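Listing of upload.txt, compact mmCIF, C-alpha atoms
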```txt
# COMPACT_ATOMS: atom_id res chain seq x y z
CA MET T 1 142.36 221.14 136.28
CA PHE T 2 139.37 222.88 134.72
CA GLN T 3 139.00 226.30 136.29
CA LYS T 4 135.63 227.63 137.36
CA ARG T 5 134.71 231.19 136.40
CA VAL T 6 133.40 234.14 138.38
CA VAL T 7 131.22 236.32 136.17
CA VAL T 8 129.84 239.77 136.98
CA CYS T 9 126.53 240.83 135.49
CA LEU T 10 125.74 244.45 134.74
CA ASP T 11 122.00 244.93 134.21
CA VAL T 12 121.70 248.20 132.28
CA ARG T 13 118.65 250.42 131.90
CA ASP T 14 118.72 253.85 130.23
CA GLY T 15 122.51 253.74 130.15
CA LYS T 16 122.89 253.09 133.90
CA THR T 17 123.62 249.90 135.82
CA THR T 18 120.52 248.90 137.76
CA LYS T 19 119.55 246.19 140.24
CA GLY T 20 116.27 244.80 141.46
CA VAL T 21 114.81 241.80 143.24
CA LYS T 22 113.08 239.13 141.15
CA PHE T 23 113.23 241.58 138.21
CA LYS T 24 111.25 244.24 140.09
CA GLY T 25 111.90 247.47 141.99
CA ASN T 26 115.07 248.33 140.10
CA VAL T 27 117.25 251.20 141.26
CA ASP T 28 120.18 252.76 139.40
CA ILE T 29 123.52 252.05 141.05
CA GLY T 30 126.25 253.35 138.74
CA ASP T 31 127.90 253.85 135.38
CA PRO T 32 128.39 250.52 133.55
CA VAL T 33 131.65 251.54 131.90
CA GLU T 34 133.26 252.61 135.17
CA MET T 35 131.96 249.52 136.94
CA ALA T 36 133.21 247.21 134.17
CA ALA T 37 136.69 248.75 134.46
CA ALA T 38 136.68 248.28 138.25
CA TYR T 39 135.67 244.61 138.05
CA TYR T 40 138.26 243.97 135.36
CA GLU T 41 140.94 245.43 137.65
CA GLN T 42 139.69 243.22 140.49
CA GLY T 43 140.22 240.11 138.38
CA VAL T 44 136.76 239.05 137.24
CA ASP T 45 136.91 236.27 134.64
CA GLU T 46 134.09 237.45 132.45
CA LEU T 47 131.56 240.25 132.21
CA VAL T 48 127.92 240.04 131.12
CA PHE T 49 126.01 243.14 130.05
CA TYR T 50 122.20 242.94 129.84
CA ASP T 51 120.09 245.76 128.45
CA ILE T 52 117.17 244.68 130.61
CA THR T 53 114.37 246.69 129.02
CA ALA T 54 115.37 246.38 125.36
CA SER T 55 113.14 243.34 124.78
CA SER T 56 110.05 244.64 126.59
CA GLU T 57 110.45 248.08 124.95
CA LYS T 58 111.03 246.35 121.60
CA ARG T 59 114.11 248.39 120.77
CA GLY T 60 117.72 247.67 119.90
CA ILE T 61 120.52 247.41 122.40
CA MET T 62 122.62 250.44 123.40
CA ILE T 63 125.58 249.79 121.09
CA ASP T 64 127.48 252.89 122.21
CA VAL T 65 127.62 251.64 125.80
CA VAL T 66 128.65 248.16 124.60
CA ALA T 67 131.53 249.66 122.59
CA ARG T 68 132.72 251.77 125.52
CA VAL T 69 132.74 248.76 127.85
CA ALA T 70 134.56 246.63 125.25
CA GLU T 71 137.30 249.26 124.98
CA THR T 72 137.80 249.18 128.74
CA ILE T 73 138.17 245.46 129.49
CA PHE T 74 140.28 242.62 128.10
CA ILE T 75 138.35 239.56 129.21
CA PRO T 76 135.43 237.68 127.62
CA PHE T 77 132.44 240.00 127.33
CA CYS T 78 128.87 238.80 126.71
CA VAL T 79 126.01 241.08 125.72
CA GLY T 80 122.26 240.44 125.80
CA GLY T 81 118.93 242.22 125.67
CA GLY T 82 116.91 243.20 122.62
CA ILE T 83 118.84 240.92 120.26
CA ARG T 84 116.28 239.57 117.83
CA THR T 85 118.08 239.12 114.50
CA LEU T 86 121.36 237.98 113.01
CA ASP T 87 122.10 241.62 112.22
CA ASP T 88 121.62 242.54 115.89
CA MET T 89 124.16 239.85 116.79
CA LYS T 90 126.63 241.18 114.24
CA ARG T 91 126.34 244.74 115.55
CA VAL T 92 127.08 243.60 119.10
CA ILE T 93 130.05 241.47 118.06
CA ASP T 94 131.37 244.27 115.84
CA ALA T 95 131.13 246.58 118.87
CA GLY T 96 133.54 244.33 120.76
CA ALA T 97 131.53 241.57 122.45
CA GLU T 98 132.88 238.00 122.29
CA LYS T 99 129.50 236.43 123.04
CA VAL T 100 125.87 237.24 122.42
CA SER T 101 123.13 236.20 124.82
CA ILE T 102 119.65 235.56 123.51
CA ASN T 103 116.71 234.74 125.72
CA SER T 104 113.15 235.77 124.82
CA ALA T 105 113.97 236.02 121.10
CA ALA T 106 115.40 232.49 121.10
CA VAL T 107 112.15 231.10 122.51
CA ARG T 108 110.09 232.99 119.95
CA THR T 109 112.46 232.25 117.04
CA PRO T 110 114.55 229.15 117.83
CA GLY T 111 116.16 229.36 114.39
CA LEU T 112 118.04 232.41 115.63
CA ILE T 113 120.28 230.11 117.70
CA GLU T 114 121.06 228.04 114.62
CA GLU T 115 121.75 231.11 112.48
CA GLY T 116 124.02 232.65 115.11
CA ALA T 117 126.00 229.46 115.63
CA SER T 118 126.38 228.99 111.88
CA HIS T 119 127.65 232.52 111.25
CA PHE T 120 129.71 233.22 114.38
CA GLY T 121 130.37 229.80 115.93
CA ALA T 122 128.61 228.07 118.82
CA GLN T 123 131.09 229.60 121.29
CA CYS T 124 129.57 233.03 120.53
CA VAL T 125 125.95 232.05 121.16
CA VAL T 126 124.78 231.99 124.76
CA LEU T 127 121.28 230.94 125.72
CA GLY T 128 119.96 233.08 128.55
CA MET T 129 117.24 231.06 130.26
CA ASP T 130 114.97 232.35 133.02
CA ALA T 131 113.29 229.54 134.93
CA ALA T 132 110.62 229.59 137.62
CA ALA T 133 109.58 226.73 139.89
CA ASP T 134 106.40 225.10 138.57
CA LYS T 135 105.13 221.74 139.80
CA ASP T 136 103.17 221.24 136.56
CA MET T 137 106.42 220.92 134.56
CA PRO T 138 108.21 217.53 134.31
CA SER T 139 111.47 219.01 135.62
CA GLY T 140 109.70 221.16 138.19
CA TYR T 141 110.67 224.37 136.38
CA ARG T 142 109.04 226.42 133.62
CA VAL T 143 110.83 228.74 131.19
CA VAL T 144 109.65 232.36 131.39
CA ILE T 145 110.52 235.25 129.08
CA ASP T 146 110.32 239.04 128.84
CA GLY T 147 112.02 239.56 132.18
CA GLY T 148 109.86 236.97 133.91
CA ARG T 149 106.61 238.55 132.80
CA VAL T 150 105.50 235.87 130.32
CA ALA T 151 105.24 232.12 131.04
CA THR T 152 106.00 229.73 128.17
CA GLU T 153 105.03 226.12 127.56
CA TRP T 154 108.68 225.04 127.65
CA ASP T 155 109.97 222.79 130.39
CA MET T 156 113.42 223.97 131.54
CA LEU T 157 115.27 220.78 130.57
CA ASP T 158 113.49 220.34 127.24
CA TRP T 159 114.39 223.89 126.24
CA ALA T 160 117.99 223.55 127.43
CA ARG T 161 118.48 220.39 125.34
CA GLU T 162 116.78 221.89 122.30
CA ALA T 163 118.87 225.06 122.46
CA VAL T 164 122.09 223.06 122.59
CA ARG T 165 120.91 220.90 119.69
CA LEU T 166 120.36 224.09 117.70
CA GLY T 167 123.87 225.31 118.46
CA ALA T 168 123.97 227.23 121.76
CA GLY T 169 127.49 226.99 123.15
CA GLU T 170 126.67 227.99 126.72
CA ILE T 171 123.63 228.38 128.97
CA VAL T 172 123.17 231.07 131.62
CA LEU T 173 120.46 229.73 133.90
CA ASN T 174 118.76 232.40 135.97
CA SER T 175 116.30 231.47 138.67
CA ILE T 176 113.45 233.96 138.90
CA ASP T 177 112.67 232.75 142.41
CA THR T 178 116.12 233.52 143.83
CA ASP T 179 117.11 236.53 141.68
CA GLY T 180 118.43 239.39 143.78
CA VAL T 181 117.33 237.75 147.04
CA LYS T 182 120.94 236.96 148.09
CA GLN T 183 119.94 233.70 149.82
CA GLY T 184 121.79 231.38 147.45
CA TYR T 185 121.43 229.97 143.95
CA GLU T 186 118.78 227.47 142.85
CA ILE T 187 121.15 224.52 143.19
CA ASN T 188 118.68 221.82 142.16
CA ALA T 189 117.74 223.54 138.89
CA THR T 190 121.39 224.26 138.12
CA ARG T 191 122.41 220.65 138.68
CA LEU T 192 119.55 219.35 136.53
CA VAL T 193 120.58 221.54 133.58
CA SER T 194 124.31 220.88 134.08
CA GLU T 195 123.68 217.14 133.93
CA ALA T 196 121.33 217.42 130.95
CA VAL T 197 123.60 219.27 128.51
CA THR T 198 127.15 219.04 127.22
CA VAL T 199 127.92 222.77 127.17
CA PRO T 200 129.03 225.04 130.05
CA VAL T 201 126.30 226.17 132.43
CA VAL T 202 126.51 229.48 134.28
CA ALA T 203 124.48 229.74 137.49
CA SER T 204 122.69 233.05 137.98
CA GLY T 205 120.36 234.55 140.57
CA GLY T 206 120.74 234.56 144.30
CA ALA T 207 124.39 235.03 145.29
CA GLY T 208 124.78 236.81 148.62
CA VAL T 209 128.00 235.45 150.13
CA PRO T 210 131.05 233.66 148.64
CA GLN T 211 129.89 230.30 150.02
CA HIS T 212 126.86 230.48 147.73
CA LEU T 213 129.23 230.34 144.74
CA ALA T 214 131.16 227.43 146.24
CA ASP T 215 127.88 225.55 146.77
CA VAL T 216 126.56 225.99 143.23
CA LEU T 217 129.93 225.32 141.59
CA LYS T 218 130.32 222.09 143.54
CA GLU T 219 126.83 220.79 144.33
CA GLY T 220 125.12 222.42 141.35
CA LYS T 221 127.91 221.32 139.00
CA ALA T 222 127.96 224.75 137.33
CA ASP T 223 130.96 225.78 135.25
CA ALA T 224 130.65 229.40 136.34
CA ALA T 225 128.72 231.53 138.79
CA LEU T 226 127.31 234.95 138.01
CA VAL T 227 127.19 237.66 140.67
CA ALA T 228 125.69 241.13 140.80
CA SER T 229 124.28 242.57 144.05
CA MET T 230 126.97 241.17 146.33
CA VAL T 231 129.70 243.03 144.45
CA HIS T 232 127.72 246.04 143.22
CA TYR T 233 126.92 247.15 146.77
CA GLY T 234 130.50 246.66 147.96
CA ASP T 235 129.80 243.69 150.25
CA TYR T 236 132.57 241.68 148.58
CA THR T 237 135.29 242.13 145.97
CA ILE T 238 136.12 239.62 143.25
CA ASN T 239 139.28 238.80 145.18
CA ASP T 240 137.26 238.09 148.33
CA ILE T 241 135.14 235.64 146.37
CA LYS T 242 138.08 233.94 144.67
CA ARG T 243 140.03 233.57 147.90
CA HIS T 244 137.05 231.83 149.45
CA LEU T 245 136.56 229.54 146.47
CA ASN T 246 140.24 228.65 146.52
CA LYS T 247 139.98 227.82 150.24
CA GLU T 248 136.94 225.63 149.48
CA GLY T 249 138.93 223.67 146.91
CA VAL T 250 137.20 225.19 143.87
CA PRO T 251 139.78 225.72 141.10
CA VAL T 252 139.78 229.38 139.98
CA ARG T 253 142.12 231.70 138.10
CA LYS T 254 144.18 233.38 140.79
CA THR T 255 144.10 237.15 140.62
CA TRP T 256 145.14 238.13 144.13
```
Take the structure I supplied and represent it as structure tokens, if you would.
Amino acid sequence: MFQKRVVVCLDVRDGKTTKGVKFKGNVDIGDPVEMAAAYYEQGVDELVFYDITASSEKRGIMIDVVARVAETIFIPFCVGGGIRTLDDMKRVIDAGAEKVSINSAAVRTPGLIEEGASHFGAQCVVLGMDAAADKDMPSGYRVVIDGGRVATEWDMLDWAREAVRLGAGEIVLNSIDTDGVKQGYEINATRLVSEAVTVPVVASGGAGVPQHLADVLKEGKADAALVASMVHYGDYTINDIKRHLNKEGVPVRKTW
């Protein structure tokens, strides 16, 4: 049976893990290398590292932190933030990442997806997509970039399909409206994207309790669920989450 994944996201700013609500009011909460090691020991299936201000500050990603995290964990590791060129992708992969996530740069330069997939394989190229509810869009959701600060003309489903056509091997769908609120994922948006594309979809934004993951993995048809606040603040461990998913009949890699 196909196992669902639990993914932890480390949003990093100035070398520290940070967390906010709807991309605002961020506070520093720890060292990303130490936190990555702890989650690896707990049995997380994958880790995502986002340099959250690299794009808006128009600078490169913190490669030294990426390399230190990669040396610490032995699970799939995805890195995003400030990746705008094929050379940026290469530097991240050379530093130890298995996957590269591109978001704002992919919208501005769609050919970057194609280039990345051609050079490194589709499995290495992850489309990070931030979507906000918008009744003017056919799907009901509009793609936004630059940490939610800039609205685009892309409808969520149109962009998801186009990105996959260009070579994206996975989509991380983050709902701006539920991000950091801990009231549950945007299940409708997740299901729409999951049904529209043939690649794995990772649900992001809104997890507060283990049942939220069960809901989005079952009802939202996601292949994986990304968590941050609920584990960063010590409310739950990865094992707590996986035990609950197992009890709910969601197939997961057992690590307890």
*asked:* Using only C-alpha atoms, which protein or nucleic acid residues come within 6 Å of T:Glu114? Drop anything in the same chain fewer than 2 positions from it, and give the result as a ChimeraX atom specification.
replied: /T:111-112,116-117,166-167
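If you look at atom CA of T:Pro210 and atom CA of T:His244, they are 6.3 Å away from each other.
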*Find the residues near stretch 89-96 of chain T: any atom within 7 Å, counting all atoms listed in the file, skip ones fewer than 5 places away on the same chain, and give them as a PyMOL selection string.*
chain T and resi 63+66-67+70+83
Distance table requested - stretch 77-158 of chain T against stretch 192-206 of chain T, cut-off 9 Å, only C-alpha atoms: one row per qualifying residue with the closest atom pair and its distance in Å to one decimal, ordered by chain and rising residue number, as JSON lines.
```
{"residue": "T:Ser139", "atom": "CA", "partner": "T:Leu192", "partner_atom": "CA", "distance": 8.1}
{"residue": "T:Met156", "atom": "CA", "partner": "T:Val193", "partner_atom": "CA", "distance": 7.8}
{"residue": "T:Leu157", "atom": "CA", "partner": "T:Val193", "partner_atom": "CA", "distance": 6.2}
```
*Pick out the residues sitting within 9 Å of T:Phe77, and hand them over as a ChimeraX atom specification; count all atoms listed in the file, and ignore anything fewer than 6 positions along from it in its own chain.*
/T:46-49,69-70,96-100
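Closest approach to T:Glu170 from the set T:His232, T:Val125, T:Lys221, T:Val6 is made by T:Val125, with distances taken over only C-alpha atoms.
What separates atom CA of T:Val231 from atom CA of T:Pro32 is a distance of 13.3 Å.
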Could you list, as a PDB file with C-alpha atoms, in the coordinates of the input, every residue within 12 Å of T:Phe2, counting only C-alpha atoms and ignoring same-chain residues fewer than 4 positions away?
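Saved the output as part-v5.pdb:
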```
ATOM      1  CA  PRO T 200     129.030 225.040 130.050  1.00  0.00           C
ATOM      2  CA  LEU T 217     129.930 225.320 141.590  1.00  0.00           C
ATOM      3  CA  ALA T 222     127.960 224.750 137.330  1.00  0.00           C
ATOM      4  CA  ASP T 223     130.960 225.780 135.250  1.00  0.00           C
ATOM      5  CA  ALA T 224     130.650 229.400 136.340  1.00  0.00           C
ATOM      6  CA  VAL T 250     137.200 225.190 143.870  1.00  0.00           C
ATOM      7  CA  PRO T 251     139.780 225.720 141.100  1.00  0.00           C
ATOM      8  CA  VAL T 252     139.780 229.380 139.980  1.00  0.00           C
ATOM      9  CA  ARG T 253     142.120 231.700 138.100  1.00  0.00           C
TER      10      ARG T 253
END
```
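Of note, atom CA of T:Glu153 and atom CA of T:Ala133 are spaced 13.2 Å apart.
The environment of stretch 144-149 of chain T within 6 Å, counting only C-alpha atoms and disregarding residues fewer than 6 places along the same chain, consists of Ser104, Asp130 and Ala131 of chain T.
Residue nearest T:Ala207 within the list T:Arg191, T:Lys182, T:Lys135, T:Arg243: T:Lys182 [criterion: smallest interatomic distance, all atoms listed in the file].
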How would stretch 117-147 of chain T look with N, CA and C atoms restored, written as a tab-separated table (two decimals), in the coordinates of the input?
```tsv
chain	number	residue	atom	x	y	z
T	117	ALA	N	124.93	230.45	115.51
T	117	ALA	CA	126.00	229.46	115.63
T	117	ALA	C	126.66	229.22	114.27
T	118	SER	N	125.85	229.22	113.22
T	118	SER	CA	126.38	228.99	111.88
T	118	SER	C	127.28	230.13	111.42
T	119	HIS	N	126.88	231.36	111.72
T	119	HIS	CA	127.65	232.52	111.25
T	119	HIS	C	128.84	232.87	112.14
T	120	PHE	N	128.68	232.74	113.47
T	120	PHE	CA	129.71	233.22	114.38
T	120	PHE	C	130.38	232.12	115.20
T	121	GLY	N	129.84	230.90	115.13
T	121	GLY	CA	130.37	229.80	115.93
T	121	GLY	C	129.57	229.62	117.21
T	122	ALA	N	129.41	228.36	117.62
T	122	ALA	CA	128.61	228.07	118.82
T	122	ALA	C	129.16	228.77	120.05
T	123	GLN	N	130.49	228.97	120.11
T	123	GLN	CA	131.09	229.60	121.29
T	123	GLN	C	130.61	231.03	121.49
T	124	CYS	N	130.06	231.64	120.44
T	124	CYS	CA	129.57	233.03	120.53
T	124	CYS	C	128.12	233.12	120.97
T	125	VAL	N	127.40	232.02	120.91
T	125	VAL	CA	125.95	232.05	121.16
T	125	VAL	C	125.62	231.49	122.54
T	126	VAL	N	125.14	232.37	123.40
T	126	VAL	CA	124.78	231.99	124.76
T	126	VAL	C	123.26	232.02	124.90
T	127	LEU	N	122.70	230.94	125.43
T	127	LEU	CA	121.28	230.94	125.72
T	127	LEU	C	121.08	231.47	127.14
T	128	GLY	N	120.38	232.60	127.25
T	128	GLY	CA	119.96	233.08	128.55
T	128	GLY	C	118.61	232.44	128.84
T	129	MET	N	118.50	231.75	129.95
T	129	MET	CA	117.24	231.06	130.26
T	129	MET	C	116.77	231.44	131.66
T	130	ASP	N	115.58	232.02	131.74
T	130	ASP	CA	114.97	232.35	133.02
T	130	ASP	C	113.98	231.24	133.36
T	131	ALA	N	114.16	230.65	134.53
T	131	ALA	CA	113.29	229.54	134.93
T	131	ALA	C	112.62	229.84	136.26
T	132	ALA	N	111.37	229.42	136.38
T	132	ALA	CA	110.62	229.59	137.62
T	132	ALA	C	110.09	228.23	138.07
T	133	ALA	N	110.10	228.00	139.37
T	133	ALA	CA	109.58	226.73	139.89
T	133	ALA	C	108.11	226.57	139.51
T	134	ASP	N	107.78	225.38	139.00
T	134	ASP	CA	106.40	225.10	138.57
T	134	ASP	C	106.18	223.60	138.64
T	135	LYS	N	105.35	223.18	139.58
T	135	LYS	CA	105.13	221.74	139.80
T	135	LYS	C	104.43	221.06	138.63
T	136	ASP	N	103.85	221.84	137.71
T	136	ASP	CA	103.17	221.24	136.56
T	136	ASP	C	104.15	220.83	135.46
T	137	MET	N	105.40	221.25	135.56
T	137	MET	CA	106.42	220.92	134.56
T	137	MET	C	107.15	219.64	134.96
T	138	PRO	N	107.52	218.79	133.99
T	138	PRO	CA	108.21	217.53	134.31
T	138	PRO	C	109.46	217.73	135.16
T	139	SER	N	110.23	218.76	134.87
T	139	SER	CA	111.47	219.01	135.62
T	139	SER	C	111.21	219.74	136.93
T	140	GLY	N	110.01	220.34	137.04
T	140	GLY	CA	109.70	221.16	138.19
T	140	GLY	C	109.95	222.64	137.95
T	141	TYR	N	110.36	222.98	136.71
T	141	TYR	CA	110.67	224.37	136.38
T	141	TYR	C	110.16	224.73	134.99
T	142	ARG	N	109.57	225.93	134.89
T	142	ARG	CA	109.04	226.42	133.62
T	142	ARG	C	109.91	227.59	133.11
T	143	VAL	N	110.10	227.63	131.81
T	143	VAL	CA	110.83	228.74	131.19
T	143	VAL	C	109.91	229.95	131.09
T	144	VAL	N	110.40	231.11	131.51
T	144	VAL	CA	109.65	232.36	131.39
T	144	VAL	C	110.49	233.35	130.59
T	145	ILE	N	109.81	234.28	129.92
T	145	ILE	CA	110.52	235.25	129.08
T	145	ILE	C	110.06	236.67	129.39
T	146	ASP	N	110.63	237.61	128.66
T	146	ASP	CA	110.32	239.04	128.84
T	146	ASP	C	110.52	239.48	130.28
T	147	GLY	N	111.70	239.15	130.81
T	147	GLY	CA	112.02	239.56	132.18
T	147	GLY	C	111.14	238.92	133.22
```
